[in-house]
$ cat target-v8.tsv   # TSV, C-alpha atoms
chain	number	residue	atom	x	y	z
A	1317	MET	CA	57.09	-4.71	2.42
A	1318	PRO	CA	55.30	-7.57	0.60
A	1319	GLU	CA	52.19	-6.64	-1.43
A	1320	THR	CA	48.88	-7.70	0.20
A	1321	VAL	CA	47.03	-10.36	-1.79
A	1322	VAL	CA	43.36	-11.00	-1.03
A	1323	THR	CA	41.84	-14.38	-1.78
A	1324	VAL	CA	38.35	-14.17	-3.31
A	1325	GLN	CA	35.88	-16.47	-4.96
A	1326	ALA	CA	35.05	-15.64	-8.55
A	1327	GLU	CA	33.26	-17.11	-11.55
A	1328	LYS	CA	32.07	-16.13	-14.99
A	1329	PRO	CA	28.44	-15.05	-15.51
A	1330	GLU	CA	26.05	-17.81	-16.46
A	1331	GLN	CA	23.65	-17.57	-19.37
A	1332	GLY	CA	20.21	-19.16	-19.07
A	1333	SER	CA	16.57	-18.56	-18.26
A	1334	ILE	CA	15.57	-16.61	-15.16
A	1335	THR	CA	12.11	-15.97	-13.79
A	1336	GLU	CA	11.18	-13.29	-11.32
A	1337	HIS	CA	9.54	-14.54	-8.12
A	1338	ILE	CA	7.65	-12.06	-5.97
A	1339	THR	CA	7.57	-13.32	-2.40
A	1340	VAL	CA	5.19	-11.96	0.22
A	1341	ASP	CA	3.38	-13.08	3.37
A	1342	ALA	CA	-0.39	-13.62	3.40
A	1343	ALA	CA	-3.21	-15.46	5.18
A	1344	LEU	CA	-5.72	-17.84	3.65
A	1345	SER	CA	-9.29	-16.57	3.22
A	1346	PRO	CA	-12.43	-18.36	1.95
A	1347	LEU	CA	-13.57	-17.92	-1.63
A	1348	THR	CA	-16.92	-16.60	-0.34
A	1349	GLN	CA	-18.46	-16.40	3.10
A	1350	ALA	CA	-21.73	-15.34	4.71
A	1351	ALA	CA	-22.13	-14.25	8.33
A	1352	LEU	CA	-25.89	-14.78	8.75
A	1353	SER	CA	-27.69	-12.41	11.12
A	1354	PRO	CA	-31.44	-12.61	11.92
A	1355	LYS	CA	-33.54	-9.57	11.00
A	1356	ILE	CA	-35.72	-10.06	14.08
A	1357	THR	CA	-34.96	-10.61	17.76
A	1358	ALA	CA	-36.39	-13.92	18.96
A	1359	PRO	CA	-35.43	-17.06	20.91
A	1360	ILE	CA	-33.82	-19.86	18.92
A	1361	LYS	CA	-36.28	-22.71	18.45
A	1362	HIS	CA	-33.77	-25.23	17.08
A	1363	PHE	CA	-30.63	-25.61	14.96
A	1364	ASP	CA	-30.42	-27.93	11.97
A	1365	VAL	CA	-26.61	-27.80	11.61
A	1366	GLN	CA	-23.43	-27.99	13.67
A	1367	ARG	CA	-19.96	-26.60	13.07
A	1368	GLY	CA	-18.39	-28.49	10.20
A	1369	THR	CA	-21.73	-29.35	8.55
A	1370	ARG	CA	-21.65	-29.01	4.78
A	1371	VAL	CA	-24.69	-27.12	3.47
A	1372	LYS	CA	-26.26	-26.18	0.16
A	1373	ALA	CA	-27.62	-22.82	-0.91
A	1374	GLY	CA	-31.17	-22.40	0.43
A	1375	GLN	CA	-30.79	-25.06	3.12
A	1376	LEU	CA	-32.50	-24.35	6.46
A	1377	LEU	CA	-29.88	-23.81	9.18
A	1378	ALA	CA	-31.90	-22.59	12.18
A	1379	THR	CA	-35.44	-21.62	13.14
A	1380	LEU	CA	-36.46	-18.87	15.59
A	1381	GLU	CA	-39.67	-18.89	17.64
A	1382	ASN	CA	-42.38	-17.65	15.25
A	1383	LYS	CA	-45.84	-18.61	16.54
A	1384	ASP	CA	-46.85	-14.97	16.91
A	1385	LEU	CA	-45.62	-14.22	13.41
A	1386	GLN	CA	-47.49	-17.19	11.95
A	1387	ALA	CA	-50.68	-16.02	13.70
A	1388	ALA	CA	-50.26	-12.54	12.23
A	1389	ALA	CA	-49.70	-14.03	8.79
A	1390	LEU	CA	-52.86	-16.13	9.15
A	1391	ASP	CA	-54.87	-13.05	10.16
A	1392	ASN	CA	-53.60	-11.11	7.18
A	1393	LYS	CA	-54.34	-14.05	4.92
A	1394	GLY	CA	-57.97	-13.91	6.04
A	1395	SER	CA	-58.09	-10.17	5.37
A	1396	PHE	CA	-56.64	-10.75	1.93
A	1397	THR	CA	-59.24	-13.42	1.16
A	1398	ALA	CA	-62.03	-11.04	2.20
A	1399	ALA	CA	-60.52	-8.25	0.08
A	1400	GLN	CA	-60.29	-10.63	-2.87
A	1401	ALA	CA	-63.99	-11.49	-2.49
A	1402	ALA	CA	-64.91	-7.81	-2.21
A	1403	TYR	CA	-62.89	-7.06	-5.32
A	1404	ASP	CA	-64.63	-9.82	-7.26
A	1405	THR	CA	-68.03	-8.57	-6.09
A	1406	ALA	CA	-67.21	-4.98	-7.00
A	1407	THR	CA	-65.73	-5.70	-10.40
A	1408	GLN	CA	-68.10	-8.44	-11.50
A	1409	ALA	CA	-71.42	-7.41	-9.90
A	1410	GLN	CA	-71.80	-4.11	-8.04
A	1411	VAL	CA	-69.97	-1.70	-10.34
A	1412	PRO	CA	-71.41	-3.16	-13.60
A	1413	GLU	CA	-74.90	-3.21	-12.07
A	1414	ASP	CA	-74.65	0.43	-10.96
A	1415	LEU	CA	-73.58	1.45	-14.43
A	1416	GLN	CA	-76.35	-0.61	-16.01
A	1417	LYS	CA	-78.96	0.94	-13.67
A	1418	ALA	CA	-77.77	4.43	-14.56
A	1419	GLN	CA	-78.07	3.51	-18.23
A	1420	LEU	CA	-81.64	2.19	-17.75
A	1421	ASP	CA	-82.63	5.30	-15.78
A	1422	LEU	CA	-81.34	7.47	-18.63
A	1423	ALA	CA	-83.20	5.41	-21.22
A	1424	GLN	CA	-86.43	5.70	-19.21
A	1425	ALA	CA	-85.98	9.44	-18.74
A	1426	THR	CA	-85.29	9.84	-22.44
A	1427	ALA	CA	-88.47	7.96	-23.36
A	1428	ASN	CA	-90.54	9.95	-20.87
A	1429	LEU	CA	-89.10	13.21	-22.22
A	1430	LYS	CA	-89.97	12.29	-25.80
A	1431	LEU	CA	-93.50	11.31	-24.74
A	1432	ASN	CA	-94.09	14.63	-22.99
A	1433	GLU	CA	-92.64	16.51	-25.96
A	1434	SER	CA	-95.14	14.79	-28.29
A	1435	ILE	CA	-98.01	15.52	-25.89
A	1436	VAL	CA	-97.12	19.21	-25.74
A	1437	THR	CA	-96.83	19.36	-29.52
A	1438	SER	CA	-100.25	17.77	-30.05
A	1439	ARG	CA	-101.95	19.91	-27.39
A	1440	LYS	CA	-100.51	23.07	-28.87
A	1441	GLN	CA	-102.17	22.11	-32.14
A	1442	LEU	CA	-105.49	21.30	-30.45
A	1443	PHE	CA	-105.35	24.52	-28.41
A	1444	ALA	CA	-104.77	26.48	-31.59
A	1445	GLU	CA	-107.86	24.83	-33.10
A	1446	GLY	CA	-109.84	25.63	-29.92
A	1447	ALA	CA	-110.43	21.97	-29.18
A	1448	ILE	CA	-108.98	22.05	-25.62
A	1449	PRO	CA	-108.79	24.63	-22.92
A	1450	GLY	CA	-105.52	26.41	-22.09
A	1451	ARG	CA	-105.08	24.66	-18.78
A	1452	ASP	CA	-104.61	21.30	-20.55
A	1453	LEU	CA	-101.72	22.82	-22.53
A	1454	ASP	CA	-100.25	24.29	-19.36
A	1455	THR	CA	-100.46	20.94	-17.62
A	1456	ALA	CA	-98.68	19.22	-20.52
A	1457	THR	CA	-96.01	21.93	-20.61
A	1458	ALA	CA	-95.37	21.54	-16.86
A	1459	ALA	CA	-95.08	17.78	-17.26
A	1460	LEU	CA	-92.54	18.34	-20.07
A	1461	VAL	CA	-90.43	20.60	-17.86
A	1462	GLN	CA	-90.43	17.95	-15.13
A	1463	ALA	CA	-89.54	15.22	-17.63
A	1464	GLN	CA	-86.68	17.40	-18.93
A	1465	ALA	CA	-85.32	17.82	-15.40
A	1466	VAL	CA	-85.47	14.07	-14.76
A	1467	TYR	CA	-83.68	13.45	-18.05
A	1468	ASP	CA	-80.92	15.97	-17.25
A	1469	ILE	CA	-80.30	14.35	-13.86
A	1470	ALA	CA	-80.23	10.83	-15.36
A	1471	LYS	CA	-77.90	11.97	-18.16
A	1472	GLN	CA	-75.51	13.68	-15.72
A	1473	HIS	CA	-75.50	10.62	-13.43
A	1474	TYR	CA	-74.80	8.27	-16.33
A	1475	ASP	CA	-71.99	10.48	-17.67
A	1476	SER	CA	-70.36	10.74	-14.24
A	1477	MET	CA	-70.62	6.97	-13.79
A	1478	GLN	CA	-68.82	6.49	-17.08
A	1479	ARG	CA	-66.15	9.16	-16.52
A	1480	VAL	CA	-65.42	8.94	-12.78
A	1481	SER	CA	-67.53	6.73	-10.55
A	1482	HIS	CA	-67.06	3.50	-12.50
A	1483	LYS	CA	-63.26	3.90	-12.67
A	1484	ALA	CA	-63.05	5.18	-9.10
A	1485	ALA	CA	-65.02	2.20	-7.80
A	1486	LEU	CA	-62.71	-0.19	-9.64
A	1487	LYS	CA	-59.61	1.61	-8.33
A	1488	THR	CA	-60.99	1.56	-4.79
A	1489	ALA	CA	-61.53	-2.19	-4.99
A	1490	GLU	CA	-58.08	-2.70	-6.49
A	1491	GLY	CA	-56.48	-0.51	-3.81
A	1492	GLN	CA	-58.15	-2.41	-0.97
A	1493	LEU	CA	-57.03	-5.70	-2.50
A	1494	ALA	CA	-53.44	-4.45	-3.01
A	1495	SER	CA	-53.33	-3.17	0.58
A	1496	ALA	CA	-54.48	-6.52	1.93
A	1497	GLU	CA	-51.98	-8.36	-0.26
A	1498	GLY	CA	-49.16	-6.07	0.88
A	1499	LYS	CA	-49.97	-6.73	4.55
A	1500	LEU	CA	-50.06	-10.47	3.86
A	1501	ARG	CA	-46.68	-10.38	2.14
A	1502	GLY	CA	-45.23	-8.35	5.02
A	1503	ALA	CA	-46.51	-10.89	7.54
A	1504	GLU	CA	-45.16	-13.78	5.46
A	1505	ALA	CA	-41.81	-11.99	5.22
A	1506	GLN	CA	-41.70	-11.73	9.00
A	1507	VAL	CA	-42.26	-15.49	9.20
A	1508	SER	CA	-39.49	-16.08	6.67
A	1509	TYR	CA	-37.12	-13.97	8.78
A	1510	SER	CA	-37.48	-16.56	11.53
A	1511	GLU	CA	-35.93	-19.17	9.22
A	1512	ILE	CA	-32.18	-18.78	8.74
A	1513	ARG	CA	-31.13	-20.26	5.38
A	1514	SER	CA	-27.73	-20.47	3.72
A	1515	PRO	CA	-27.26	-18.21	0.66
A	1516	ILE	CA	-24.25	-20.24	-0.56
A	1517	ASP	CA	-22.85	-23.75	-0.76
A	1518	GLY	CA	-20.22	-24.24	1.90
A	1519	VAL	CA	-19.43	-25.43	5.41
A	1520	VAL	CA	-20.60	-24.04	8.76
A	1521	THR	CA	-17.55	-22.56	10.49
A	1522	ASP	CA	-19.17	-20.77	13.41
A	1523	ARG	CA	-22.37	-21.05	15.48
A	1524	SER	CA	-22.32	-18.60	18.33
A	1525	LEU	CA	-25.47	-19.52	20.34
A	1526	PHE	CA	-27.45	-22.54	21.49
A	1527	ALA	CA	-31.12	-23.47	21.15
A	1528	GLY	CA	-33.25	-21.56	23.64
A	1529	GLU	CA	-31.02	-18.50	23.73
A	1530	THR	CA	-32.29	-15.23	22.25
A	1531	ALA	CA	-30.75	-14.23	18.95
A	1532	PRO	CA	-30.46	-10.41	18.73
A	1533	ALA	CA	-31.30	-8.85	15.37
A	1534	GLY	CA	-28.22	-7.87	13.37
A	1535	THR	CA	-25.82	-10.08	15.36
A	1536	PRO	CA	-24.10	-12.90	13.39
A	1537	LEU	CA	-25.63	-16.23	14.38
A	1538	ILE	CA	-24.11	-18.67	11.88
A	1539	THR	CA	-21.13	-18.28	9.53
A	1540	VAL	CA	-20.94	-20.29	6.31
A	1541	MET	CA	-17.77	-20.36	4.19
A	1542	ASP	CA	-17.11	-21.79	0.75
A	1543	THR	CA	-13.71	-23.42	1.28
A	1544	SER	CA	-13.64	-25.42	-1.95
A	1545	SER	CA	-11.13	-22.80	-3.04
A	1546	LEU	CA	-9.13	-20.47	-0.82
A	1547	ILE	CA	-7.73	-17.03	-1.49
A	1548	ALA	CA	-4.36	-15.67	-0.40
A	1549	LYS	CA	-4.72	-11.88	-0.50
A	1550	VAL	CA	-1.39	-10.07	-0.93
A	1551	HIS	CA	-0.58	-6.38	-1.29
A	1552	LEU	CA	2.09	-5.39	-3.80
A	1553	ALA	CA	3.65	-2.16	-4.95
A	1554	GLN	CA	2.07	-0.77	-8.09
A	1555	SER	CA	5.32	-1.16	-10.03
A	1556	VAL	CA	5.34	-4.87	-9.18
A	1557	ALA	CA	1.62	-5.55	-9.61
A	1558	GLN	CA	1.52	-4.02	-13.08
A	1559	ARG	CA	3.90	-6.75	-14.26
A	1560	LEU	CA	1.41	-9.46	-13.28
A	1561	ALA	CA	-1.60	-10.80	-15.15
A	1562	VAL	CA	-4.59	-12.89	-14.18
A	1563	GLY	CA	-3.65	-16.55	-14.62
A	1564	ASP	CA	0.02	-16.17	-13.63
A	1565	GLU	CA	1.40	-19.13	-11.71
A	1566	ALA	CA	2.23	-18.94	-8.01
A	1567	THR	CA	3.19	-21.26	-5.16
A	1568	ILE	CA	2.09	-21.16	-1.53
A	1569	THR	CA	4.36	-22.35	1.29
A	1570	ILE	CA	2.28	-23.56	4.24
A	1571	PRO	CA	3.70	-24.30	7.69
A	1572	GLY	CA	3.76	-28.02	8.43
A	1573	ARG	CA	3.57	-29.11	4.78
A	1574	GLU	CA	6.63	-30.37	2.96
A	1575	LYS	CA	5.35	-29.56	-0.52
A	1576	ASP	CA	4.32	-26.15	-1.75
A	1577	VAL	CA	0.75	-25.73	-2.98
A	1578	PRO	CA	0.14	-24.43	-6.53
A	1579	ALA	CA	-1.96	-21.29	-6.99
A	1580	LYS	CA	-2.90	-18.82	-9.69
A	1581	VAL	CA	-3.50	-15.08	-9.80
A	1582	SER	CA	-7.30	-14.74	-9.94
A	1583	LEU	CA	-7.75	-11.00	-9.35
A	1584	ILE	CA	-5.68	-7.84	-9.58
A	1585	SER	CA	-7.42	-4.86	-8.03
A	1586	PRO	CA	-8.07	-2.05	-10.54
A	1587	ALA	CA	-7.50	0.57	-7.82
A	1588	LEU	CA	-4.85	1.29	-5.21
A	1589	ASP	CA	-5.57	0.80	-1.53
A	1590	PRO	CA	-5.97	4.40	-0.26
A	1591	GLY	CA	-4.20	3.66	3.02
A	1592	SER	CA	-1.12	1.77	1.83
A	1593	THR	CA	-1.12	2.83	-1.88
A	1594	THR	CA	-0.58	-0.84	-2.75
A	1595	VAL	CA	-2.48	-3.13	-5.12
A	1596	GLU	CA	-4.41	-6.08	-3.71
A	1597	VAL	CA	-3.79	-9.32	-5.61
A	1598	TRP	CA	-5.73	-12.56	-5.03
A	1599	LEU	CA	-4.10	-15.96	-5.40
A	1600	ARG	CA	-6.63	-18.77	-5.77
A	1601	ILE	CA	-5.83	-22.20	-4.33
A	1602	ASP	CA	-7.81	-25.38	-4.96
A	1603	ASN	CA	-9.03	-26.91	-1.68
A	1604	LYS	CA	-11.69	-29.43	-2.70
A	1605	LYS	CA	-10.22	-31.98	-0.26
A	1606	GLY	CA	-10.52	-29.50	2.58
A	1607	GLU	CA	-6.93	-30.00	3.74
A	1608	LEU	CA	-6.16	-26.28	4.07
A	1609	LYS	CA	-7.66	-24.13	6.81
A	1610	VAL	CA	-8.93	-20.56	6.63
A	1611	GLY	CA	-6.71	-18.11	8.49
A	1612	THR	CA	-3.48	-20.09	8.05
A	1613	PRO	CA	-0.46	-17.74	7.62
A	1614	VAL	CA	1.41	-18.61	4.44
A	1615	ARG	CA	4.22	-17.35	2.24
A	1616	ALA	CA	3.29	-16.74	-1.38
A	1617	SER	CA	5.65	-16.71	-4.33
A	1618	ILE	CA	4.32	-15.37	-7.62
A	1619	ALA	CA	6.03	-16.03	-10.94
A	1620	GLY	CA	6.49	-12.70	-12.70
A	1621	ARG	CA	8.62	-11.72	-15.68
A	1622	SER	CA	10.79	-14.32	-17.38
A	1623	VAL	CA	13.86	-13.95	-19.62
A	1624	ALA	CA	14.92	-16.96	-21.68
A	1625	ASN	CA	18.60	-16.11	-22.32
A	1626	ALA	CA	19.71	-13.90	-19.48
A	1627	LEU	CA	23.22	-13.11	-18.22
A	1628	LYS	CA	23.07	-13.85	-14.50
A	1629	ILE	CA	25.38	-13.91	-11.51
A	1630	PRO	CA	24.89	-14.65	-7.78
A	1631	SER	CA	23.02	-11.87	-6.01
A	1632	ALA	CA	25.80	-11.64	-3.41
A	1633	ALA	CA	28.21	-10.39	-6.09
A	1634	VAL	CA	26.26	-7.15	-6.61
A	1635	LEU	CA	27.33	-4.19	-4.48
A	1636	THR	CA	24.87	-1.37	-3.73
A	1637	ALA	CA	26.12	2.16	-3.07
A	1638	GLN	CA	24.41	4.80	-0.93
A	1639	ASP	CA	22.87	6.35	-4.06
A	1640	ASN	CA	21.42	2.88	-4.87
A	1641	SER	CA	23.72	2.45	-7.85
A	1642	LYS	CA	24.86	-1.11	-8.53
A	1643	SER	CA	28.34	-2.43	-9.28
A	1644	VAL	CA	30.43	-5.61	-9.23
A	1645	MET	CA	34.10	-6.37	-8.75
A	1646	VAL	CA	35.76	-8.26	-11.59
A	1647	VAL	CA	39.15	-9.98	-11.76
A	1648	GLY	CA	41.29	-8.22	-14.33
A	1649	ALA	CA	43.91	-9.83	-16.54
A	1650	ASP	CA	46.50	-8.09	-14.36
A	1651	GLY	CA	45.29	-10.01	-11.29
A	1652	VAL	CA	43.80	-6.98	-9.55
A	1653	SER	CA	40.17	-6.07	-8.80
A	1654	HIS	CA	38.24	-3.61	-10.95
A	1655	ARG	CA	34.87	-2.09	-10.10
A	1656	LYS	CA	32.31	-2.13	-12.90
A	1657	PRO	CA	28.94	-0.37	-12.70
A	1658	VAL	CA	26.08	-2.62	-13.83
A	1659	GLU	CA	22.36	-2.43	-14.48
A	1660	VAL	CA	20.40	-5.28	-12.94
A	1661	GLY	CA	17.07	-6.85	-13.82
A	1662	ILE	CA	15.23	-9.90	-12.49
A	1663	GLN	CA	16.34	-11.46	-9.22
A	1664	ASN	CA	15.44	-15.02	-8.30
A	1665	ASP	CA	16.69	-17.91	-6.16
A	1666	GLY	CA	20.00	-16.26	-5.29
A	1667	ASP	CA	20.69	-15.17	-8.89
A	1668	ILE	CA	20.28	-11.74	-10.46
A	1669	GLN	CA	20.09	-10.72	-14.11
A	1670	ILE	CA	22.72	-8.33	-15.45
A	1671	VAL	CA	21.16	-6.13	-18.10
A	1672	SER	CA	24.31	-4.18	-18.94
A	1673	GLY	CA	27.87	-3.65	-17.69
A	1674	LEU	CA	29.22	-7.24	-18.01
A	1675	THR	CA	30.02	-9.76	-20.68
A	1676	ALA	CA	30.01	-13.54	-20.54
A	1677	ASN	CA	33.85	-13.54	-20.44
A	1678	ASP	CA	34.21	-11.34	-17.35
A	1679	VAL	CA	35.30	-13.06	-14.13
A	1680	VAL	CA	33.09	-11.69	-11.35
A	1681	VAL	CA	34.06	-11.72	-7.69
A	1682	THR	CA	31.23	-13.64	-6.00
A	1683	GLY	CA	32.71	-13.97	-2.52
A	1684	GLY	CA	34.88	-11.50	-0.62
A	1685	ALA	CA	33.90	-8.46	-2.68
A	1686	TYR	CA	32.48	-6.53	0.25
A	1687	GLY	CA	34.99	-3.90	1.36
A	1688	LEU	CA	37.35	-4.79	-1.50
A	1689	GLU	CA	39.05	-1.70	-2.91
A	1690	ASP	CA	39.39	-1.06	-6.60
A	1691	GLY	CA	42.92	-2.08	-7.73
A	1692	THR	CA	43.54	-4.60	-4.92
A	1693	LYS	CA	45.81	-7.54	-5.76
A	1694	ILE	CA	43.61	-10.63	-5.60
A	1695	LYS	CA	43.88	-14.35	-5.93
A	1696	VAL	CA	40.98	-16.59	-6.89
A	1697	GLY	CA	40.55	-19.52	-4.54
A	1698	ALA	CA	37.97	-21.59	-2.73
A	1699	GLU	CA	36.06	-20.21	0.25
A	1700	GLY	CA	38.21	-20.39	3.41
A	1701	ASP	CA	41.57	-20.27	1.61
A	1702	ASP	CA	42.47	-17.06	3.46
A	1703	ASP	CA	42.13	-18.84	6.79
A	1704	LYS	CA	44.35	-21.71	5.66
A	1705	GLU	CA	47.13	-19.33	4.69
A	1706	LYS	CA	47.01	-17.45	8.03
A	1707	PRO	CA	49.19	-18.91	10.87
A	1708	ALA	CA	47.39	-20.27	13.88
A	1709	ALA	CA	46.83	-17.91	16.76
A	1710	GLY	CA	49.92	-17.65	18.99
A	1711	LYS	CA	52.22	-19.21	16.32
A	1712	SER	CA	54.70	-17.66	13.94
A	1713	GLY	CA	54.53	-18.29	10.28
A	1714	ASP	CA	57.37	-20.87	10.43
A	1715	GLY	CA	55.82	-22.80	13.30
A	1716	ASP	CA	58.01	-21.25	16.06
A	1717	GLU	CA	56.36	-19.82	19.09
A	1718	LYS	CA	56.30	-16.07	19.42
$ encode --input "target-v8.tsv" --output "structure tokens"
Amino acid sequence: MPETVVTVQAEKPEQGSITEHITVDAALSPLTQAALSPKITAPIKHFDVQRGTRVKAGQLLATLENKDLQAAALDNKGSFTAAQAAYDTATQAQVPEDLQKAQLDLAQATANLKLNESIVTSRKQLFAEGAIPGRDLDTATAALVQAQAVYDIAKQHYDSMQRVSHKAALKTAEGQLASAEGKLRGAEAQVSYSEIRSPIDGVVTDRSLFAGETAPAGTPLITVMDTSSLIAKVHLAQSVAQRLAVGDEATITIPGREKDVPAKVSLISPALDPGSTTVEVWLRIDNKKGELKVGTPVRASIAGRSVANALKIPSAAVLTAQDNSKSVMVVGADGVSHRKPVEVGIQNDGDIQIVSGLTANDVVVTGGAYGLEDGTKIKVGAEGDDDKEKPAAGKSGDGDEK
């Protein structure tokens, strides 16, 4: 019985540079976006923008009906003006005058007390000499007691004005002014809430209502996106993401475009996603011309590790066992197949790096290795040679009909 010879394709490993490319699907997102919701519920007075309008940060986009809010702000402004006047009066006139009056009352009481003290002293001397009757001394003594009481009251009033009343009056005036100012600011804030302004530079991508309709508080009214750059957000395994660095090159394949778009890794999340245990990586794409659209599904390819002088073979030549071990079939000098276990590295564009297990002189079976037994007699030929050697269906090998 003739020995079976299997025709395979084989070649020697190639040496050269190989770069890992991590390929994953993603969708384009804006660099930044703002879904603007009013803080008050009111009818829409008018819009200043349409979808597609380019806007600057701080630009007015829409105005809600605000006549009632403006009236409230005007009322509070009047109250604030009155409080300001009252504060000026209190701090510059009333409180200083009250303190000055208390000081003058104390000075007058002090002088009156000293006068009565001198009168009592002199009358005591005259009474001792018998020059005046006792009732004159008693009258002077009574007047001194009254003068002392007036002095004590004036002194206590002046001290309390200095310690408490003066400061309390100033704080009361300040508090009333601060309260009026707070109410005015609150009313002005309510007016400002009726004006919807853009917080970022960008383009209006959504406007859900029309003028005259009521805009509910907390419901997005206008969406502004910064599309000057777009982000492709991809999720990678931790073992893959840790091989990347910010600034790594990437390419984005977009449906309908012949050329891939260049991108760069702009962010690698410092934490794993708790749901998928993957790492989110952002690829930033320049879009100043506005040719790319948010939400477009794309395929991203990120350049990872690179080896300058790698031993590489076609990926199809590598066989994977059930235990995930890798091997290749090589053509021996005896013309039979031999299985060799290998350790692989970077895979890219149909090629795979062989870290160990092969040399540059080995002839590796690149086609027809699947199902090939170790020790099988083989012949190296071009793809399809097996079919050429087989007789046509329904014919014998020598051309005679069966």
$ residues_near_point --input "target-v8.tsv" --point "(25.0, -3.9, 0.6)" --cutoff "9 Å" --atoms "all atoms listed in the file" --output "list in words"
Ala1632, Val1634, Leu1635, Thr1636, Ala1637, Gln1638 and Tyr1686 of chain A
$ closest_residue --input "target-v8.tsv" --among "A:Leu1415, A:Gly1368, A:Ile1618, A:Ser1672" --to "Arg1559 of chain A" --atoms "all atoms listed in the file"
A:Ile1618
$ atom_distance --input "target-v8.tsv" --atom1 "atom CA of Ser1653 of chain A" --atom2 "atom CA of Asp1665 of chain A"
26.4 Å
$ closest_residue --input "target-v8.tsv" --among "A:Leu1627, A:Ala1444, A:Ala1342, A:Leu1674" --to "Arg1615 of chain A" --atoms "only C-alpha atoms"
A:Ala1342
$ atom_distance --input "target-v8.tsv" --atom1 "atom CA of Ser1495 of chain A" --atom2 "atom CA of Gln1408 of chain A"
19.8 Å
$ residues_around --input "target-v8.tsv" --residues "Gly1374 of chain A" --least-positions-apart "5" --cutoff "7 Å" --atoms "all atoms listed in the file" --output "JSON, numbers by chain"
{"A": [1513, 1514, 1515]}
$ residues_around --input "target-v8.tsv" --residues "Gly1450 of chain A" --least-positions-apart "6" --cutoff "10 Å" --atoms "only C-alpha atoms" --output "JSON, numbers by chain"
{"A": [1439, 1440, 1442, 1443, 1444]}
$ axis_aligned_box --input "target-v8.tsv" --around "segment 1355-1370 of chain A" --padding-each-side "8 Å" --output "JSON"
{"center_x": -27.4, "center_y": -19.5, "center_z": 12.8, "size_x": 34.0, "size_y": 35.8, "size_z": 32.1}
$ atom_distance --input "target-v8.tsv" --atom1 "atom CA of Lys1642 of chain A" --atom2 "atom CA of Ala1561 of chain A"
28.9 Å
$ closest_residue --input "target-v8.tsv" --among "A:Ala1624, A:Val1652, A:Ala1676, A:Leu1352" --to "Thr1335 of chain A" --atoms "all atoms listed in the file"
A:Ala1624
$ residues_around --input "target-v8.tsv" --residues "Ala1463 of chain A" --least-positions-apart "4" --cutoff "12 Å" --atoms "all atoms listed in the file" --output "PyMOL selection string"
chain A and resi 1422+1424-1433+1435-1436+1456-1459+1467-1470
$ closest_residue --input "target-v8.tsv" --among "A:Ser1508, A:Gln1331, A:Thr1692, A:Thr1567" --to "Asn1625 of chain A" --atoms "only C-alpha atoms"
A:Gln1331
